[in-house]
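K.L.:
This is the content of start36.txt (compact mmCIF, C-alpha atoms):
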# COMPACT_ATOMS: atom_id res chain seq x y z
CA MET A 621 136.81 21.00 62.06
CA LYS A 622 139.48 23.56 62.86
CA ASN A 623 138.11 26.92 63.92
CA THR A 624 139.89 28.54 60.96
CA GLU A 625 137.84 26.24 58.71
CA THR A 626 134.71 27.13 60.67
CA PHE A 627 135.35 30.78 59.78
CA ALA A 628 135.59 29.83 56.10
CA GLU A 629 132.43 27.70 56.14
CA SER A 630 130.46 30.32 58.05
CA LEU A 631 131.54 33.21 55.83
CA ALA A 632 130.76 31.28 52.64
CA ARG A 633 127.37 30.17 53.95
CA CYS A 634 126.49 33.72 55.03
CA GLY A 635 126.99 35.37 51.66
CA VAL A 636 130.67 36.25 51.18
CA LYS A 637 131.25 36.48 47.43
CA TYR A 638 134.93 37.35 47.28
CA HIS A 639 137.73 36.37 49.63
CA PHE A 640 141.16 37.93 49.05
CA ALA A 641 144.05 36.51 51.05
CA TYR A 642 147.75 35.75 51.23
CA PRO A 643 149.15 32.72 53.12
CA ILE A 644 150.18 33.39 56.71
CA THR A 645 150.22 31.00 59.66
CA PRO A 646 148.00 30.42 61.63
CA ALA A 647 145.33 31.87 59.29
CA THR A 648 146.13 30.07 56.04
CA ASP A 649 143.49 27.38 56.57
CA VAL A 650 140.78 30.00 56.06
CA MET A 651 141.89 30.83 52.52
CA LYS A 652 142.62 27.19 51.67
CA ARG A 653 139.11 26.10 52.58
CA MET A 654 137.60 29.18 50.93
CA ALA A 655 139.34 28.25 47.67
CA VAL A 656 137.52 24.90 47.70
CA ILE A 657 134.06 25.85 48.97
CA LEU A 658 133.39 29.43 47.86
CA PRO A 659 132.66 28.56 44.19
CA ARG A 660 129.85 26.29 45.42
CA TYR A 661 128.11 29.42 46.71
CA GLY A 662 128.76 31.56 43.65
CA GLY A 663 131.91 33.19 44.98
CA GLN A 664 135.65 33.12 44.44
CA MET A 665 138.82 33.12 46.54
CA MET A 666 141.74 35.00 45.03
CA GLN A 667 145.28 34.65 46.38
CA MET A 668 147.04 37.98 45.93
CA GLU A 669 150.76 38.65 45.68
CA SER A 670 150.94 40.45 49.05
CA GLU A 671 148.88 41.75 51.94
CA LEU A 672 149.02 45.23 50.39
CA ALA A 673 147.38 43.83 47.27
CA VAL A 674 144.86 41.97 49.43
CA SER A 675 143.68 45.09 51.22
CA SER A 676 143.51 47.15 48.02
CA ALA A 677 141.43 44.45 46.33
CA LEU A 678 139.25 44.24 49.44
CA ALA A 679 138.52 47.98 49.29
CA GLY A 680 137.93 47.93 45.54
CA ALA A 681 135.53 45.00 45.66
CA ALA A 682 133.69 46.49 48.65
CA CYS A 683 132.95 49.56 46.49
CA THR A 684 130.60 47.36 44.42
CA GLY A 685 128.46 46.61 47.47
CA LYS A 686 129.37 42.92 47.42
CA LEU A 687 130.19 41.09 50.65
CA VAL A 688 133.96 40.68 50.75
CA ALA A 689 136.35 39.23 53.31
CA THR A 690 139.98 38.55 54.07
CA SER A 691 141.92 36.49 56.60
CA SER A 692 145.37 37.16 58.00
CA SER A 693 147.54 37.34 61.10
CA GLY A 694 149.48 40.09 62.88
CA PRO A 695 152.27 40.95 60.40
CA GLY A 696 149.86 40.70 57.47
CA LEU A 697 147.18 42.74 59.20
CA THR A 698 149.74 45.48 59.86
CA LEU A 699 150.29 45.88 56.13
CA MET A 700 146.53 46.14 55.49
CA HIS A 701 145.80 49.05 57.79
CA GLU A 702 146.19 51.86 55.28
CA ALA A 703 143.36 50.38 53.22
CA ILE A 704 141.29 49.58 56.33
CA GLY A 705 141.56 53.21 57.42
CA PHE A 706 140.47 54.28 53.92
CA MET A 707 137.50 51.92 54.08
CA CYS A 708 136.39 53.48 57.37
CA ALA A 709 136.57 56.96 55.84
CA ALA A 710 134.76 55.78 52.70
CA TYR A 711 132.02 53.90 54.60
CA LEU A 712 132.84 50.51 53.07
CA PRO A 713 131.74 47.24 54.72
CA CYS A 714 133.91 44.14 54.85
CA ILE A 715 134.88 41.24 57.12
CA VAL A 716 138.44 40.71 58.37
CA VAL A 717 139.57 37.59 60.24
CA ASP A 718 142.71 38.05 62.35
CA SER A 719 144.27 34.86 63.71
CA MET A 720 146.59 36.41 66.29
CA ARG A 721 150.15 35.23 66.78
CA VAL A 722 152.98 36.31 69.06
CA GLY A 723 154.97 39.41 68.09
CA PRO A 724 156.07 42.16 67.50
CA GLY A 725 157.96 42.18 64.21
CA ASP A 726 157.41 39.00 62.26
CA GLY A 727 157.16 37.30 65.65
CA ASP A 728 156.42 33.59 65.73
CA ILE A 729 153.67 31.48 64.20
CA LEU A 730 152.35 30.41 67.60
CA GLY A 731 149.24 31.85 69.21
CA ALA A 732 148.82 35.01 71.27
CA GLN A 733 146.34 37.81 71.94
CA SER A 734 148.82 40.54 71.10
CA ASP A 735 146.78 42.32 68.40
CA TYR A 736 144.27 43.79 70.87
CA PHE A 737 145.71 47.30 70.67
CA VAL A 738 146.01 47.37 66.89
CA VAL A 739 142.46 46.17 66.22
CA THR A 740 140.77 48.28 68.90
CA ARG A 741 142.83 51.46 68.45
CA GLY A 742 143.53 51.20 64.73
CA GLY A 743 146.80 50.74 62.88
CA ALA A 744 146.27 53.54 60.38
CA HIS A 745 146.22 57.30 60.89
CA GLY A 746 143.27 59.45 61.85
CA ASP A 747 140.23 59.13 64.10
CA TYR A 748 138.52 55.91 63.12
CA ARG A 749 137.31 52.65 64.61
CA THR A 750 136.42 49.18 63.41
CA VAL A 751 133.93 46.88 65.11
CA VAL A 752 135.89 44.03 66.75
CA LEU A 753 134.31 40.68 67.69
CA ALA A 754 136.13 38.06 69.75
CA PRO A 755 134.48 34.61 69.58
CA SER A 756 135.74 32.00 72.04
CA SER A 757 134.69 28.78 70.28
CA GLY A 758 133.82 27.30 66.92
CA GLN A 759 130.12 27.47 67.67
CA GLU A 760 130.36 31.13 68.61
CA ILE A 761 132.17 31.81 65.34
CA ALA A 762 129.26 30.31 63.42
CA ASP A 763 126.75 32.22 65.54
CA LEU A 764 128.54 35.59 65.35
CA VAL A 765 129.35 35.70 61.62
CA PRO A 766 125.77 36.66 60.60
CA HIS A 767 125.74 39.33 63.31
CA GLY A 768 129.11 40.66 62.15
CA ILE A 769 127.91 40.91 58.55
CA ARG A 770 124.80 42.80 59.63
CA LEU A 771 126.95 45.22 61.64
CA ALA A 772 129.26 45.74 58.65
CA TYR A 773 126.35 46.72 56.40
CA ARG A 774 124.22 48.52 58.98
CA TYR A 775 127.06 50.90 59.81
CA ARG A 776 129.06 50.53 56.57
CA ILE A 777 132.21 49.68 58.47
CA PRO A 778 134.90 46.99 58.47
CA VAL A 779 134.22 44.32 61.09
CA VAL A 780 137.24 42.46 62.48
CA PHE A 781 136.99 38.99 64.03
CA VAL A 782 139.93 38.19 66.31
CA ILE A 783 140.90 34.75 67.54
CA ASP A 784 144.19 33.64 69.07
CA GLY A 785 146.29 31.17 67.14
CA VAL A 786 145.71 28.43 69.73
CA SER A 787 141.93 28.62 69.31
CA ALA A 788 142.32 29.03 65.54
CA GLN A 789 144.00 25.65 65.27
CA THR A 790 141.69 23.94 67.78
CA THR A 791 139.38 21.29 66.32
CA GLU A 792 135.87 21.08 67.74
CA SER A 793 132.32 20.27 66.71
CA THR A 794 130.19 23.09 65.33
CA THR A 795 126.68 23.36 63.92
CA LEU A 796 127.09 25.46 60.78
CA PRO A 797 124.49 27.93 59.50
CA ALA A 798 122.28 27.18 56.51
CA TYR A 799 123.07 29.29 53.45
CA ASN A 800 121.76 32.86 53.59
CA ASP A 801 123.21 36.02 52.07
CA TYR A 802 122.88 38.39 54.99
CA SER A 803 124.23 41.33 53.00
CA ALA A 804 121.14 41.08 50.77
CA GLU A 805 119.09 42.46 53.67
CA PHE A 806 120.61 45.89 53.01
CA ASP A 807 120.02 48.30 50.12
CA THR A 808 123.37 49.32 48.63
CA SER A 809 121.98 51.05 45.53
CA GLY A 810 122.57 54.51 46.95
CA TRP A 811 126.33 54.13 47.19
CA ALA A 812 127.66 51.02 45.44
CA PHE A 813 129.50 51.09 42.09
CA THR A 814 127.30 48.99 39.78
CA GLY A 815 127.79 50.80 36.46
CA THR A 816 125.67 53.38 34.64
CA LYS A 817 123.29 50.69 33.40
CA ASP A 818 121.69 50.71 36.85
CA HIS A 819 121.85 54.45 37.49
CA ALA A 820 123.23 57.37 35.57
CA LYS A 821 124.43 59.26 38.63
CA ARG A 822 128.18 59.38 39.00
CA ALA A 823 129.21 57.58 42.19
CA LEU A 824 132.09 58.90 44.25
CA ILE A 825 133.75 56.86 47.00
CA THR A 826 136.74 58.58 48.53
CA GLY A 827 138.68 59.05 51.71
CA SER A 828 140.11 62.40 50.59
CA TYR A 829 138.34 65.66 51.41
CA SER A 830 138.74 69.42 51.43
CA HIS A 831 139.14 71.20 54.77
CA GLN A 832 135.43 71.73 55.46
CA ASP A 833 134.38 68.37 54.02
CA GLY A 834 137.06 66.66 56.09
CA TYR A 835 135.74 68.22 59.28
CA GLU A 836 132.21 67.13 58.40
CA MET A 837 133.40 63.61 57.57
CA ASN A 838 135.05 63.26 60.97
CA GLU A 839 131.94 64.55 62.70
CA ARG A 840 129.81 62.00 60.84
CA LEU A 841 132.20 59.25 61.86
CA ARG A 842 132.21 60.42 65.48
CA ALA A 843 128.41 60.40 65.57
CA LYS A 844 128.33 56.92 64.04
CA TYR A 845 130.82 55.56 66.56
CA GLU A 846 128.79 56.99 69.43
CA VAL A 847 125.73 55.08 68.16
CA ILE A 848 127.78 51.87 67.91
CA ARG A 849 129.12 52.36 71.44
CA ASP A 850 125.60 52.84 72.73
CA LYS A 851 123.90 49.97 70.90
CA GLU A 852 126.40 47.23 70.12
CA GLN A 853 128.25 46.29 73.32
CA MET A 854 128.24 42.52 73.85
CA TRP A 855 129.57 40.38 76.67
CA GLU A 856 129.00 37.20 78.67
CA GLN A 857 128.99 37.22 82.46
CA ASP A 858 128.26 34.91 85.35
CA GLY A 859 128.33 35.19 89.12
CA VAL A 860 128.98 38.94 89.26
CA GLU A 861 125.93 39.84 91.38
CA ASP A 862 127.57 38.94 94.71
CA ALA A 863 131.17 38.43 93.59
CA GLU A 864 134.09 39.64 95.66
CA LEU A 865 136.45 38.95 92.74
CA VAL A 866 135.62 39.29 89.04
CA VAL A 867 137.89 37.68 86.44
CA ALA A 868 137.87 39.37 83.02
CA ALA A 869 139.23 37.76 79.87
CA PHE A 870 138.39 37.40 76.18
CA GLY A 871 138.75 34.54 73.74
CA ILE A 872 140.23 31.32 75.06
CA HIS A 873 140.90 32.64 78.57
CA GLY A 874 137.36 33.97 78.71
CA ARG A 875 136.15 30.50 77.84
CA MET A 876 138.25 29.03 80.66
CA CYS A 877 136.71 31.50 83.13
CA ARG A 878 133.40 29.64 82.97
CA ASP A 879 135.10 26.60 84.50
CA LEU A 880 136.97 28.81 86.96
CA VAL A 881 133.73 30.29 88.31
CA SER A 882 132.04 26.89 88.42
CA ARG A 883 134.85 25.29 90.40
CA MET A 884 135.44 28.17 92.79
CA ARG A 885 131.71 28.66 93.42
CA ALA A 886 131.48 24.96 94.27
CA ASP A 887 134.08 25.65 96.99
CA GLY A 888 131.98 28.51 98.35
CA LYS A 889 134.13 31.30 96.91
CA LYS A 890 132.42 34.39 95.54
CA VAL A 891 133.99 34.71 92.12
CA GLY A 892 132.40 35.93 88.87
CA PHE A 893 133.58 36.52 85.35
CA ILE A 894 133.05 38.92 82.45
CA ARG A 895 134.00 37.90 78.91
CA PRO A 896 133.91 40.76 76.41
CA ILE A 897 132.54 39.61 73.05
CA THR A 898 132.88 43.02 71.42
CA LEU A 899 136.40 44.32 72.03
CA TRP A 900 135.24 47.49 70.30
CA PRO A 901 132.90 48.82 71.35
CA PHE A 902 134.31 47.67 74.67
CA PRO A 903 131.52 46.55 77.05
CA ASP A 904 132.01 49.37 79.56
CA ARG A 905 128.49 48.86 80.90
CA ALA A 906 129.37 45.39 82.19
CA PHE A 907 132.04 46.87 84.45
CA GLU A 908 130.16 50.06 85.33
CA ALA A 909 127.32 47.90 86.72
CA LEU A 910 129.53 45.95 89.14
CA GLY A 911 128.33 46.32 92.73
CA SER A 912 130.19 47.47 95.83
CA CYS A 913 130.73 43.82 96.79
CA VAL A 914 133.45 43.52 94.12
CA GLN A 915 136.80 44.13 95.80
CA ASN A 916 139.16 43.21 92.95
CA ILE A 917 139.19 42.54 89.21
CA LEU A 918 141.69 40.11 87.68
CA VAL A 919 142.35 40.50 83.94
CA VAL A 920 143.88 37.46 82.21
CA GLU A 921 145.39 37.83 78.73
CA MET A 922 147.78 36.07 76.36
CA ASN A 923 149.93 39.22 76.05
CA LEU A 924 151.80 41.64 78.29
CA GLY A 925 148.70 43.66 79.15
CA GLN A 926 146.39 45.30 76.61
CA MET A 927 142.70 44.79 77.39
CA VAL A 928 143.57 45.54 81.01
CA ASP A 929 143.79 49.22 80.03
CA ASP A 930 140.17 49.22 78.86
CA VAL A 931 139.04 47.51 82.07
CA ARG A 932 140.79 50.19 84.12
CA LEU A 933 139.14 52.91 82.04
CA ALA A 934 135.75 51.27 82.49
CA VAL A 935 135.95 51.10 86.30
CA ASN A 936 137.66 54.53 86.48
CA GLY A 937 139.59 53.79 89.67
CA ARG A 938 136.53 52.51 91.55
CA ILE A 939 137.85 48.92 91.84
CA PRO A 940 141.50 47.72 91.93
CA VAL A 941 142.43 45.98 88.65
CA HIS A 942 145.15 43.31 88.55
CA PHE A 943 146.80 41.61 85.58
CA LEU A 944 147.92 38.05 84.81
CA GLY A 945 149.47 37.51 81.39
CA LYS A 946 151.99 35.78 79.19
CA THR A 947 153.15 36.91 75.77
CA GLY A 948 152.18 33.72 73.94
CA GLY A 949 154.36 31.45 71.86
CA ASP A 950 155.77 28.33 73.51
CA LEU A 951 153.86 29.07 76.74
CA PRO A 952 150.75 30.62 75.26
CA MET A 953 148.37 30.67 78.18
CA TYR A 954 147.81 30.18 81.85
CA THR A 955 146.24 26.93 82.93
CA LEU A 956 143.00 26.92 84.88
CA ALA A 957 145.00 25.95 87.97
CA ASP A 958 147.23 29.03 87.53
CA MET A 959 144.18 31.27 87.26
CA ILE A 960 142.54 29.72 90.35
CA ALA A 961 145.75 30.15 92.33
CA GLU A 962 145.93 33.85 91.47
CA ALA A 963 142.22 34.27 92.23
CA ASP A 964 142.76 32.64 95.63
CA ARG A 965 145.64 35.04 96.31
CA LEU A 966 143.43 38.05 95.58
CA LEU A 967 140.69 36.60 97.77
CA GLY A 968 143.21 36.35 100.58
CA GLU A 969 143.07 32.57 100.77
Could you render the structure from this file as structure tokens?
P.N.:
Amino acid sequence: MKNTETFAESLARCGVKYHFAYPITPATDVMKRMAVILPRYGGQMMQMESELAVSSALAGAACTGKLVATSSSGPGLTLMHEAIGFMCAAYLPCIVVDSMRVGPGDGDILGAQSDYFVVTRGGAHGDYRTVVLAPSSGQEIADLVPHGIRLAYRYRIPVVFVIDGVSAQTTESTTLPAYNDYSAEFDTSGWAFTGTKDHAKRALITGSYSHQDGYEMNERLRAKYEVIRDKEQMWEQDGVEDAELVVAAFGIHGRMCRDLVSRMRADGKKVGFIRPITLWPFPDRAFEALGSCVQNILVVEMNLGQMVDDVRLAVNGRIPVHFLGKTGGDLPMYTLADMIAEADRLLGE
């Protein structure tokens, strides 16, 4: 099935009860499939009148402790960020699927990786973060959804899945998870709105605070983000132990790097790759651990250069970092041959 449909199947099978969405290419297939399958699992998909309504409904439903999700693309995600920022301040878990397309503005409906900055830095005001997961295949979507839900509830935080529009519309075989409500592993009784029948205490969920309370809220968030940075970095790597060149990429280009390393290693060239799976927290440790044998890092992206900034921060000037990228759209990605040619150039061959 399409990877957008794999998101829908995986979310429904992992306990999502409510999916709020508004049609936007190339993410619409998620909501369409959710509308058909979610009632089978005791849930409901609701198409809202706008992305603003989607994000407000998402925050409201999350207040009940239920597992809620949405799916969108760049221009729609932009409109949701006020509510996402509120949810971070209010400690509300949810799942967001962002099928990235080329921009800025309304952009085009074709694929890109141009939302890296907005999902890792945040599109709303204030000091906040969301956990960001970047699967590179349909099978990894199915495998990561349970993990993403656990992260959302463990840290009471929105978790954003990003996938470029090319991968979103790719059809491939996937083994789907058996049904299990992963949110049920977590006790929400201490904070969720469930009515006074369950507890007489008045619940208060807010993102608005007095001066002192606001300072304390930001300190709590900072402490939480430090724990996430320490414990939740995820990446895939191969061939870095003796590599002279390391290629870094996420999503579809990260997937292509496996073949790049295999082919270049077969020719006796010392090339490795790192594929970040968590874009936030960024896997700094993967780059900090690179040995003195690494002479260059090549970052490949389907944008004009966004993740490359995090790679440069991670190596802190210790290793030269180079960039290869296209904006997306009609020419959405570099071919494997293009990447090998640039790798050969950096190897001096």
K.L.:
Which residues are close to region 791-800 of chain A, i.e. within 9 Å by only C-alpha atoms, leaving aside same-chain residues fewer than 6 positions away? Reply as an MDAnalysis selection string.
P.N.:
chainID A and resid 621:623 626 629:630 632:635 661 757:763 766
K.L.:
Keeping only C-alpha atoms, write the selected residues to a file as a compact mmCIF listing (two decimals), keeping the file's coordinate frame.
P.N.:
# COMPACT_ATOMS: atom_id res chain seq x y z
CA MET A 621 136.81 21.00 62.06
CA LYS A 622 139.48 23.56 62.86
CA ASN A 623 138.11 26.92 63.92
CA THR A 626 134.71 27.13 60.67
CA GLU A 629 132.43 27.70 56.14
CA SER A 630 130.46 30.32 58.05
CA ALA A 632 130.76 31.28 52.64
CA ARG A 633 127.37 30.17 53.95
CA CYS A 634 126.49 33.72 55.03
CA GLY A 635 126.99 35.37 51.66
CA TYR A 661 128.11 29.42 46.71
CA SER A 757 134.69 28.78 70.28
CA GLY A 758 133.82 27.30 66.92
CA GLN A 759 130.12 27.47 67.67
CA GLU A 760 130.36 31.13 68.61
CA ILE A 761 132.17 31.81 65.34
CA ALA A 762 129.26 30.31 63.42
CA ASP A 763 126.75 32.22 65.54
CA PRO A 766 125.77 36.66 60.60
K.L.:
Which residues, written as a list of chain:residue names, have at least one atom at most 6 Å from region 921-929 of chain A, with all atoms listed in the file counted and residues fewer than 3 positions away on the same chain left out?
P.N.:
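Residues meeting the cut-off are A:Ala732, A:Gln733, A:Ser734, A:Arg932, A:Gly945, A:Lys946, A:Thr947, A:Gly948, A:Met953.
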K.L.:
Can you work out the spacing between CA of Ser803 (chain A) and CA of Ile769 (chain A) in Å, to one decimal?
P.N.:
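Computing the Euclidean distance for CA of Ser803 (chain A) and CA of Ile769 (chain A) yields 6.7 Å.
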K.L.:
Rounded to one decimal place, report the CA of Tyr711 (chain A)-CA of Met854 (chain A) distance in Å.
P.N.:
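Taking CA of Tyr711 (chain A) and CA of Met854 (chain A), their separation equals 22.7 Å.
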K.L.:
Of the candidates A:Asp726, A:Glu836, A:Asp649, A:Asp858, which one gets nearest to Ser691 (chain A) if we count all atoms listed in the file?
P.N.:
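Among the listed residues, A:Asp649 lies closest to Ser691 (chain A).
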K.L.:
Mind giving me the straight-line distance from CA of Val779 (chain A) to CA of Ile715 (chain A) in Å, one decimal?
P.N.:
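It comes out at 5.1 Å.
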K.L.:
Restricting the calculation to only C-alpha atoms: of A:Ile644, A:Ile729, A:Leu678, A:Ile704, which residue gets closest to Val780 (chain A)?
P.N.:
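Of the candidates, the smallest distance to Val780 (chain A) is held by A:Ile704.
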K.L.:
Quick one: residues within 7 Å of Val920 (chain A), only C-alpha atoms counted, chain neighbours fewer than 2 positions away excluded, as a list in words?
P.N.:
Ala868, Ala869, His873, Leu918, Phe943, Leu944 and Gly945 of chain A
K.L.:
Distance cut-off 12 Å, centre (149.6, 49.7, 65.7) in file coordinates, counting all atoms listed in the file: which residues qualify? Return them as number ranges by chain.
P.N.:
A: 694-695, 697-702, 723-725, 734-745
K.L.:
Tell me which protein, DNA and RNA residues are within 12 Å of Val636 (chain A), counting all atoms listed in the file, leaving out same-chain ones fewer than 3 positions away, and put them as number ranges by chain.
P.N.:
A: 627-633, 639-640, 654, 657-665, 678, 681-682, 685-690, 713-716, 765-766, 768-769, 799-804
K.L.:
So, counting all atoms listed in the file, which residue among A:Leu933, A:Leu771, A:Ala754, A:Met959 is closest to Val847 (chain A)?
P.N.:
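Nearest to Val847 (chain A): A:Leu771.
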K.L.:
Write out as a list in words each polymer residue whose atoms come within 6 Å of Val867 (chain A), counting all atoms listed in the file; drop sequence neighbours fewer than 5 positions from it.
P.N.:
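Using all atoms listed in the file, the neighbours found are Phe893, Ile917, Leu918 and Val919 of chain A.
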K.L.:
Under the rule that all atoms listed in the file are counted, which of A:Ala812, A:Leu841, A:Val717, A:Val722 is the nearest residue to Asp747 (chain A)?
P.N.:
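Distance minimum relative to Asp747 (chain A) lands on A:Leu841.
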